[in-house]
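Enquirer: Following this message is one structure expressed as C-alpha cells.
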Amino acid sequence: MSPDKITMFVGKGGVGKTTCAAATALHYASNGSRTLALTTDATPSLRHIFEISGDLREASVNSSLDVSELGEAEVRQMWDARFGHEVYEVFNSFVAVNYDEFLEFMTSVLPGLGEEFMVDYIREMRLKGAYETIVWDTAPLGQTLALLGTPALLEKHLRLAPRIYSRLKSGRQSRETVLDILRRWEKLSALNMDFLRREVKFVLVTIPEALAVAQLEGIFGEFDRYGLKVQQIVVNNVIKETDSSFLKSRALQQEQYLKIIHGKYSNLMIIELPLFPYEIKGAARLQEVAQILFK
Ligand SMILES: Nc1ncnc2c1ncn2[C@@H]1O[C@H](COP(=O)(O)OP(=O)(O)OP(=O)(O)O)[C@@H](O)[C@H]1O
Ligand SMILES: [Mg+2]
C-alpha cells in the first residue's frame, strides 16, 4: 500500500505527536518510500527521538528517511525571502514601522506564522517531488489554521481605506496597489487551504484525560470551520496492564474518557496506543509504536 502523501500530526502539548510522527515516518521509510520527517518545533525533538547526534538541522536516519528541523531562524529567513517584503509594504503603507521590527513581529510575536508558512513550503516540496511522503510533526495546535484566513480578513478591514488603492512607491512590487498584493496573498492562502484539504491526512493525537478530551471538540470545530477533516485519532498513553492498585485506579479513570472518545467519534478510525513502561526513543521502540499504528 502506498503511504499517504502528507501526514500531519496535531494535538495539544505533550500528548505524543512527535512520537507518532517519528514512528510513522520510520514505518513508511522501512517500506521503501522516500520519506521526510519535518518539524518546526523550537526544541530538536525529532533528532533526539531518532538519536541523531550533532546539531545539523537536516540529517538522514537511513537511505530512505531524512529529518529536517526548521528552527525559528530558518523559518524567519525563508518567510522573509518569500513573503517578507511585500507583506511589509502592505503594513508600511498604513503604519510606519521599520523592516527589522516588522520581521521580528511577524515571525516571532505572531504565533503559528511558522506553521502557516510551512504549509506553503510543504506544498512546494511536494510539487518538487523529492519525497514520496512527508510526515509533519506540528507544534501544539494553536492559531495555525486561523492564520490562513488573514489575507481575506485584512482585505475586508482595509477595503475602506483609500490608500489600499494607491500604488506602492518602493520595492519590487512598486507597480502594484496594496489591494493587488492582498489579493495575490489571498489567492496563495486559498491554494494552501486547498492543499491542506486535498492532500494532507490529519491525525489527531490525544490522551484519555479530562482536559485533553474537553479540548477535542474545540479542535474538531476549528477543523470544520476551515473545511478540513481529521481522519484518524490516536489515543495515547492508554494503560493496558493493571498489575498494581495504582495502575488499576488510573486505568479506571481512563475508561470513562475512552468511552467518550469512542462514543463521539465512532465515525473515525481510532487507535489506542498503550502507555509503555519506558520512554520511546530509537528505532527499535519506534518500530514497536509503528506496529500498533499500522496493524
Ligand atoms: N505511549 C507512550 N508510552 C510511554 N511514553 C510515551 C508514550 N508516548 C509518548 N511518550 C513519551 O512522552 C513524552 C512526550 O511525547 P512527545 O514528545 O511525542 O509529545 P508531543 O506531543 O510531541 O509533545 P510537544 O507538544 O511538546 O511537542 C516523550 O518523552 C515520549 O517518549
Ligand atoms: Mg513534539
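Identifiers in this document derive from the order of the C-alpha cells: chains are assigned A, B, ..., residues are numbered from 1 separately in each chain, and ligands are numbered from 1 in order of occurrence.
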What are the closest atom pairs, with distances in Å to one decimal, for all residues of chain A lying within 12 Å of ligand 2? Consider only C-alpha atoms and all ligand atoms, order rows by chain and residue number, and present the result as JSON lines.
Expert:
```
{"residue": "A:Met8", "atom": "CA", "partner": "ligand 2", "partner_atom_place_in_ligand_line": "1 (Mg)", "distance": 11.9}
{"residue": "A:Phe9", "atom": "CA", "partner": "ligand 2", "partner_atom_place_in_ligand_line": "1 (Mg)", "distance": 9.3}
{"residue": "A:Val10", "atom": "CA", "partner": "ligand 2", "partner_atom_place_in_ligand_line": "1 (Mg)", "distance": 9.5}
{"residue": "A:Gly11", "atom": "CA", "partner": "ligand 2", "partner_atom_place_in_ligand_line": "1 (Mg)", "distance": 9.5}
{"residue": "A:Lys12", "atom": "CA", "partner": "ligand 2", "partner_atom_place_in_ligand_line": "1 (Mg)", "distance": 9.5}
{"residue": "A:Gly13", "atom": "CA", "partner": "ligand 2", "partner_atom_place_in_ligand_line": "1 (Mg)", "distance": 7.3}
{"residue": "A:Gly14", "atom": "CA", "partner": "ligand 2", "partner_atom_place_in_ligand_line": "1 (Mg)", "distance": 6.6}
{"residue": "A:Val15", "atom": "CA", "partner": "ligand 2", "partner_atom_place_in_ligand_line": "1 (Mg)", "distance": 8.2}
{"residue": "A:Gly16", "atom": "CA", "partner": "ligand 2", "partner_atom_place_in_ligand_line": "1 (Mg)", "distance": 6.7}
{"residue": "A:Lys17", "atom": "CA", "partner": "ligand 2", "partner_atom_place_in_ligand_line": "1 (Mg)", "distance": 5.3}
{"residue": "A:Thr18", "atom": "CA", "partner": "ligand 2", "partner_atom_place_in_ligand_line": "1 (Mg)", "distance": 4.1}
{"residue": "A:Thr19", "atom": "CA", "partner": "ligand 2", "partner_atom_place_in_ligand_line": "1 (Mg)", "distance": 7.3}
{"residue": "A:Cys20", "atom": "CA", "partner": "ligand 2", "partner_atom_place_in_ligand_line": "1 (Mg)", "distance": 9.3}
{"residue": "A:Ala21", "atom": "CA", "partner": "ligand 2", "partner_atom_place_in_ligand_line": "1 (Mg)", "distance": 8.7}
{"residue": "A:Ala22", "atom": "CA", "partner": "ligand 2", "partner_atom_place_in_ligand_line": "1 (Mg)", "distance": 9.8}
{"residue": "A:Leu38", "atom": "CA", "partner": "ligand 2", "partner_atom_place_in_ligand_line": "1 (Mg)", "distance": 11.0}
{"residue": "A:Thr39", "atom": "CA", "partner": "ligand 2", "partner_atom_place_in_ligand_line": "1 (Mg)", "distance": 8.4}
{"residue": "A:Thr40", "atom": "CA", "partner": "ligand 2", "partner_atom_place_in_ligand_line": "1 (Mg)", "distance": 9.4}
{"residue": "A:Asp41", "atom": "CA", "partner": "ligand 2", "partner_atom_place_in_ligand_line": "1 (Mg)", "distance": 6.7}
{"residue": "A:Ala42", "atom": "CA", "partner": "ligand 2", "partner_atom_place_in_ligand_line": "1 (Mg)", "distance": 9.4}
{"residue": "A:Thr43", "atom": "CA", "partner": "ligand 2", "partner_atom_place_in_ligand_line": "1 (Mg)", "distance": 8.2}
{"residue": "A:Pro44", "atom": "CA", "partner": "ligand 2", "partner_atom_place_in_ligand_line": "1 (Mg)", "distance": 8.8}
{"residue": "A:Ser45", "atom": "CA", "partner": "ligand 2", "partner_atom_place_in_ligand_line": "1 (Mg)", "distance": 6.3}
{"residue": "A:Leu46", "atom": "CA", "partner": "ligand 2", "partner_atom_place_in_ligand_line": "1 (Mg)", "distance": 7.6}
{"residue": "A:Arg47", "atom": "CA", "partner": "ligand 2", "partner_atom_place_in_ligand_line": "1 (Mg)", "distance": 11.0}
{"residue": "A:His48", "atom": "CA", "partner": "ligand 2", "partner_atom_place_in_ligand_line": "1 (Mg)", "distance": 10.7}
{"residue": "A:Ile49", "atom": "CA", "partner": "ligand 2", "partner_atom_place_in_ligand_line": "1 (Mg)", "distance": 9.9}
{"residue": "A:Glu69", "atom": "CA", "partner": "ligand 2", "partner_atom_place_in_ligand_line": "1 (Mg)", "distance": 11.5}
{"residue": "A:Trp136", "atom": "CA", "partner": "ligand 2", "partner_atom_place_in_ligand_line": "1 (Mg)", "distance": 10.4}
{"residue": "A:Asp137", "atom": "CA", "partner": "ligand 2", "partner_atom_place_in_ligand_line": "1 (Mg)", "distance": 6.6}
{"residue": "A:Thr138", "atom": "CA", "partner": "ligand 2", "partner_atom_place_in_ligand_line": "1 (Mg)", "distance": 6.9}
{"residue": "A:Ala139", "atom": "CA", "partner": "ligand 2", "partner_atom_place_in_ligand_line": "1 (Mg)", "distance": 6.2}
{"residue": "A:Pro140", "atom": "CA", "partner": "ligand 2", "partner_atom_place_in_ligand_line": "1 (Mg)", "distance": 7.6}
{"residue": "A:Leu141", "atom": "CA", "partner": "ligand 2", "partner_atom_place_in_ligand_line": "1 (Mg)", "distance": 10.8}
{"residue": "A:Val205", "atom": "CA", "partner": "ligand 2", "partner_atom_place_in_ligand_line": "1 (Mg)", "distance": 10.9}
```
Enquirer: Please list as a ChimeraX atom specification every residue within 8 Å of Val200 of chain A, counting only C-alpha atoms and excluding residues in the same chain fewer than 5 positions away.
Expert: /A:4-8,195
Enquirer: For the selection you just gave me, I'd like the residues written to a file as an mmCIF file, in the first residue's frame, keeping C-alpha atoms.
Expert:
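selection.cif was written with the following content:
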```cif
data_model
loop_
_atom_site.group_PDB
_atom_site.id
_atom_site.type_symbol
_atom_site.label_atom_id
_atom_site.label_comp_id
_atom_site.auth_asym_id
_atom_site.auth_seq_id
_atom_site.Cartn_x
_atom_site.Cartn_y
_atom_site.Cartn_z
ATOM 1 C CA ASP A 4 -0.351 8.919 2.456
ATOM 2 C CA LYS A 5 1.407 11.739 0.663
ATOM 3 C CA ILE A 6 1.443 14.035 3.631
ATOM 4 C CA THR A 7 0.526 13.220 7.194
ATOM 5 C CA MET A 8 0.192 15.926 9.782
ATOM 6 C CA PHE A 195 -3.759 21.725 -0.485
#
```
Enquirer: Here is a test: counting only C-alpha atoms, which residue of A:Gln287, A:Val87, A:Gly71, A:Glu209 is nearest to Arg184 of chain A?
Expert: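 The shortest atom-to-atom distance to Arg184 of chain A comes from A:Val87.
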Enquirer: Pick the closest to ligand 1 from A:Trp185, A:Phe50, A:Tyr121, A:Phe246: which is it, counting only C-alpha atoms and all ligand atoms?
Expert: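 Smallest separation from ligand 1 among the options: A:Phe50.
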Enquirer: Between A:Ile261, A:Ala284, A:Leu36, A:Val119, which is the closest to Leu191 of chain A once you count only C-alpha atoms?
Expert: A:Val119
Enquirer: When you count only C-alpha atoms and all ligand atoms, which of these residues is closest to ligand 1: A:Tyr226, A:Tyr278, A:Phe102, A:Phe294?
Expert: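 Closest candidate: A:Tyr278.
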Enquirer: Identify which of the residues A:Ser33, A:Ser249, A:Asn236, A:Ser266 lies closest to ligand 1, counting only C-alpha atoms and all ligand atoms when measuring atom-to-atom distances.
Expert: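 That would be A:Asn236, the residue with the smallest distance to ligand 1.
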Enquirer: At a cut-off of 10 Å, using only C-alpha atoms, what residues contact segment 273-275 of chain A? Leave out same-chain residues fewer than 3 positions from it and give the result as a list of chain:residue names.
Expert: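 Using only C-alpha atoms, the neighbours found are A:Gly16, A:Cys20, A:Val205, A:Ile207, A:Val234, A:Val235, A:Asn236, A:Asn237, A:Val238, A:Ile239, A:Lys240, A:Glu241, A:Ile270, A:Tyr278, A:Glu279, A:Val289, A:Ala290, A:Ile292, A:Leu293.
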Enquirer: Any idea what the distance is between atom CA of Gly221 of chain A and atom CA of Phe202 of chain A?
Expert: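 Atom CA of Phe202 of chain A lies 14.1 Å from atom CA of Gly221 of chain A.
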Enquirer: Measuring between only C-alpha atoms, which one of A:Leu258, A:Gln215, A:Phe117, A:Ser53 shows the shortest distance to Ala81 of chain A?
Expert: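 Closest to Ala81 of chain A of all the choices is A:Phe117.
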Enquirer: Please report the interatomic distance between atom CA of Arg82 of chain A and atom 26 (O, counted along the ligand's line) of ligand 1 in Å with one decimal.
Expert: 28.2 Å
